[in-house]
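**Student:** Can you keep this structure in mind? I'll have questions shortly.
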Amino acid sequence: MRRAMYEAEVGDDVFGEDPTVNRLQNRIAELLGKKAALFVPSGMMGNQLGVHVHTRPGDEVIVERSSHIFNYESGAAGSLSGVTLHVIDGTRGQISESDLLGALRHGYYWESRSRLLCLENTLNKAGGVIYPLERMQALTRMARTHGLATHLDGARLWNASAATGTPEQMYADLFDTVTVCLSKGLGAPVGSVFAGTRDQIEAAHRRRKVLGAGMRQAGILAAAGLYALRYHRKGLAEDHAKARRLAEGLANLETLDVQMPETNIVLFDVKHGKALPILEDLQRAGVAMVPFAPNTIRATTHRDLTMGDIDRALGLIRRVAGKVN
């Protein structure tokens with residue numbers, strides 16, 4: 001990947017003249033079945049472009065409570081686009097048709113206007129859970145019936161596709177716009193891509209500039225994304241296998257309550273104690289994970305780990321978690 005970055009043909013992307021960026025954008029648009037795409041620095045920016053192109057100030061965006069847009073994007077939807085987030089309490093990050101129907105506004109002038117439905121696949125805060133295609137089909141169909149636009153936070157869409165065998169385009173076809181990440185599971189150092197119609201991408205391109213993300217010789221970064229798409233997607237299934245091995249090992253500890261993973265994220269609860277002391281001990285031992293709640297820990301497996309690394313991590317976790325009684 002670093003060789004590909006070093007050898008990348010570059011130009012000025014502010015003027016649309018970087019050939020490597022253009023190849024990446026065209027490749028993502030092709031994979032997702034969209035007319036056009038835009039390279040952006042982060043998945044958060046891609047999601048916020050989705051909010052921006054579909055809404056006007058005073059509109060309402062419907063999301064599930066555990067969604068990335070609600071939890072991890074610094075209140076950007078309100079501060080940048082002037083919209084309200086209508087938060088639904090779903091089940092493991094998913095909502096039902098009745099949930100969506102109950103969230104819709106009725107058009108009274110004193111109400112916010114229901115304008116956009118945002119879904120996420122896979123569901124980060126739910127532990128990498130895959131949003132079932134059939135449920136997404138039902139929800140996006142209902143959204144269209146009621147005049148809502150749709151956006152997919154597909155940061156880990158590659159993982160959903162690898163786990164189910166469902167092509168990314170089958171998910172993307174359900175939505176007006178989609179964001180996918182090149183970092184995370186694919187292993188590029190930076191970058192995401194926002195995809196939609198040509199008009200939507202033209203509006204997003206201008207908004208990207210407003211947000212200070214006009215990039216010059218960005219082909220150096222785009223080359224990493226192209227390399228990841230070509231060589232790293234096939235390794236995602238191995239990441240899922242590593243997560244299952246980790247979860248199965250953790251499940252043997254009586255002090256932990258483990259959620260079996262569907263993809264590459266493992267969530268587990270500390271039954272009698274707090275997550276932070278364990279995480280601090282593990283960090284000193286060389287195992288890095290993150291707190292997800294006062295007694296919940298998230299572990300994410302990736303391409304730079306081996307099965308041997310998983311086994312060594314399990315040994316250290318057994319020693320540290322064994323202290324919790």
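Ordered as shown in the structure tokens, chains take letters A, B, and onward, while each chain numbers its residues from 1 and ligands are numbered from 1 in the order shown.
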Considering only alpha helix (DSSP H) as DSSP defines it on the backbone, what residues of stretch 63-132 of chain A qualify? List them as JSON, numbers by chain.
**Tutor:** {"A": [68, 69, 70, 71, 76, 77, 78, 79, 80, 81, 97, 98, 99, 100, 101, 102, 103]}
**Student:** Got time to write the residues from that selection, C-alpha atoms, as an mmCIF file, in the first residue's frame?
**Tutor:**
data_model
loop_
_atom_site.group_PDB
_atom_site.id
_atom_site.type_symbol
_atom_site.label_atom_id
_atom_site.label_comp_id
_atom_site.auth_asym_id
_atom_site.auth_seq_id
_atom_site.Cartn_x
_atom_site.Cartn_y
_atom_site.Cartn_z
ATOM 1 C CA HIS A 68 -22.966 6.864 14.922
ATOM 2 C CA ILE A 69 -24.599 10.071 13.694
ATOM 3 C CA PHE A 70 -26.245 10.564 17.087
ATOM 4 C CA ASN A 71 -23.443 9.383 19.377
ATOM 5 C CA ALA A 76 -22.689 18.207 13.770
ATOM 6 C CA ALA A 77 -26.144 17.697 12.269
ATOM 7 C CA GLY A 78 -27.524 20.548 14.352
ATOM 8 C CA SER A 79 -24.535 22.869 14.209
ATOM 9 C CA LEU A 80 -23.731 22.409 10.515
ATOM 10 C CA SER A 81 -27.127 21.764 8.888
ATOM 11 C CA GLU A 97 -41.659 -0.197 10.525
ATOM 12 C CA SER A 98 -43.979 0.718 13.406
ATOM 13 C CA ASP A 99 -41.085 2.585 15.071
ATOM 14 C CA LEU A 100 -40.554 4.593 11.909
ATOM 15 C CA LEU A 101 -44.254 5.243 11.414
ATOM 16 C CA GLY A 102 -44.543 6.523 14.974
ATOM 17 C CA ALA A 103 -41.650 8.934 14.451
#
**Student:** Find the nearest atom pair between each residue of stretch 67-132 of chain A and stretch 184-203 of chain A for residues within 12 Å, count only C-alpha atoms, give distances in Å to one decimal, sort rows by chain and ascending number, and present the table as CSV.
**Tutor:**
residue,atom,partner,partner_atom,distance
A:Thr122,CA,A:Gly185,CA,11.6
A:Asn124,CA,A:Lys184,CA,11.5
A:Gly128,CA,A:Gly185,CA,11.6
**Student:** From the list A:Thr263, A:Thr20, A:Asn295, A:Thr177, which residue is nearest A:Ala162 when using only C-alpha atoms?
**Tutor:**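 Checking each of A:Thr263, A:Thr20, A:Asn295, A:Thr177 against A:Ala162, counting only C-alpha atoms, the winner is A:Thr263.
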**Student:** Could you write out, as a list of chain:residue names, all the residues of stretch 80-148 of chain A that DSSP marks as strand (DSSP E or B)?
**Tutor:** A:Thr84, A:Leu85, A:His86, A:Val87, A:Ile88, A:Thr91, A:Gln94, A:Arg113, A:Ser114, A:Arg115, A:Leu116, A:Leu117, A:Cys118, A:Leu119, A:Glu120, A:Leu123, A:Val129
**Student:** Mind pulling up the distance from atom CA of A:Asp176 to atom CA of A:Glu134?
**Tutor:**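 It comes out at 17.1 Å.
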**Student:** Give me, as number ranges by chain, all polymer residues having an atom no more than 9 Å from A:Gly58, counting only C-alpha atoms and skipping those fewer than 4 positions away in the same chain.
**Tutor:** A: 81-84, 111-113
**Student:** Please list as a list in words every residue within 8 Å of A:Leu279, counting only C-alpha atoms and excluding residues in the same chain fewer than 6 positions away.
**Tutor:**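 Answer for this query is Ala288, Met289, Val290 and Pro291 of chain A.
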**Student:** Smallest atom-to-atom distance to A:Asp18: which of A:Gln217, A:Ser96, A:Thr164, A:Ser66, using only C-alpha atoms?
**Tutor:**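 Of the candidates, the smallest distance to A:Asp18 is held by A:Gln217.
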**Student:** Between atom CA of A:Thr301 and atom CA of A:Asn264, what is the distance in Å, rounded to a tenth?
**Tutor:**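 Pair atom CA of A:Thr301 / atom CA of A:Asn264 returns 5.4 Å.
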**Student:** Work out how far atom CA of A:Ala241 is from atom CA of A:Asn159, in Å to one decimal.
**Tutor:**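 That distance, rounded to one decimal, is 11.9 Å.
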**Student:** Would you please work out which residue, of A:Lys209, A:Arg312, A:His240, A:Arg298, is nearest to A:Ala126 when using only C-alpha atoms?
**Tutor:** A:Arg298
**Student:** Out of A:Gly214, A:Pro294, A:Gly235, A:Pro167, which residue has the shortest atom-to-atom distance to A:Val14 when counting only C-alpha atoms?
**Tutor:**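 Selected residue with least distance to A:Val14: A:Gly214.
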**Student:** Ranking A:Gly43, A:Gly286, A:Gly11, A:Gly50 by minimum distance to A:Arg207 and counting only C-alpha atoms, which one comes first?
**Tutor:**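 Counting only C-alpha atoms, the residue closest to A:Arg207 is A:Gly50.
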**Student:** A:Ile130: which residues within 7 Å, counting only C-alpha atoms, same-chain residues fewer than 6 positions away excluded, as a tab-separated table (two decimals) with all heavy atoms, in the first residue's frame?
**Tutor:**
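Result file is selection_12.tsv:
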chain	number	residue	atom	x	y	z
A	121	ASN	N	-24.93	0.31	8.75
A	121	ASN	CA	-24.62	-1.09	8.51
A	121	ASN	C	-23.11	-1.26	8.28
A	121	ASN	O	-22.58	-0.64	7.36
A	121	ASN	CB	-25.39	-1.60	7.30
A	121	ASN	CG	-25.59	-3.09	7.30
A	121	ASN	OD1	-25.36	-3.77	8.30
A	121	ASN	ND2	-26.04	-3.62	6.18
A	122	THR	N	-22.41	-2.04	9.13
A	122	THR	CA	-22.92	-2.71	10.31
A	122	THR	C	-23.12	-1.71	11.44
A	122	THR	O	-22.67	-0.57	11.35
A	122	THR	CB	-21.94	-3.81	10.79
A	122	THR	OG1	-20.70	-3.22	11.20
A	122	THR	CG2	-21.64	-4.79	9.67
A	123	LEU	N	-23.74	-2.21	12.53
A	123	LEU	CA	-24.10	-1.34	13.64
A	123	LEU	C	-23.00	-1.35	14.68
A	123	LEU	O	-22.85	-2.29	15.46
A	123	LEU	CB	-25.42	-1.82	14.23
A	123	LEU	CG	-26.60	-1.67	13.25
A	123	LEU	CD1	-27.65	-2.73	13.50
A	123	LEU	CD2	-27.20	-0.28	13.37
A	160	ALA	N	-20.44	-6.15	6.33
A	160	ALA	CA	-21.77	-6.75	6.15
A	160	ALA	C	-21.80	-7.61	4.89
A	160	ALA	O	-22.34	-8.72	4.88
A	160	ALA	CB	-22.83	-5.66	6.08
A	262	GLU	N	-21.12	-10.94	15.01
A	262	GLU	CA	-21.50	-11.27	13.64
A	262	GLU	C	-20.41	-10.87	12.66
A	262	GLU	O	-20.32	-11.43	11.57
A	262	GLU	CB	-22.82	-10.58	13.27
A	262	GLU	CG	-24.01	-11.06	14.08
A	262	GLU	CD	-25.31	-10.40	13.65
A	262	GLU	OE1	-25.34	-9.74	12.58
A	262	GLU	OE2	-26.31	-10.55	14.37
**Student:** Can you tell me, as a ChimeraX atom specification, what residues are no more than 12 Å from A:Gly107 when counting only C-alpha atoms, ignoring any on the same chain fewer than 3 positions away?
**Tutor:** /A:59-60,104,110-115,146-147
**Student:** Which residues come within 10 Å of A:Asp173, counting only C-alpha atoms, excluding same-chain residues fewer than 4 positions away, as a count of residues only?
**Tutor:** 8
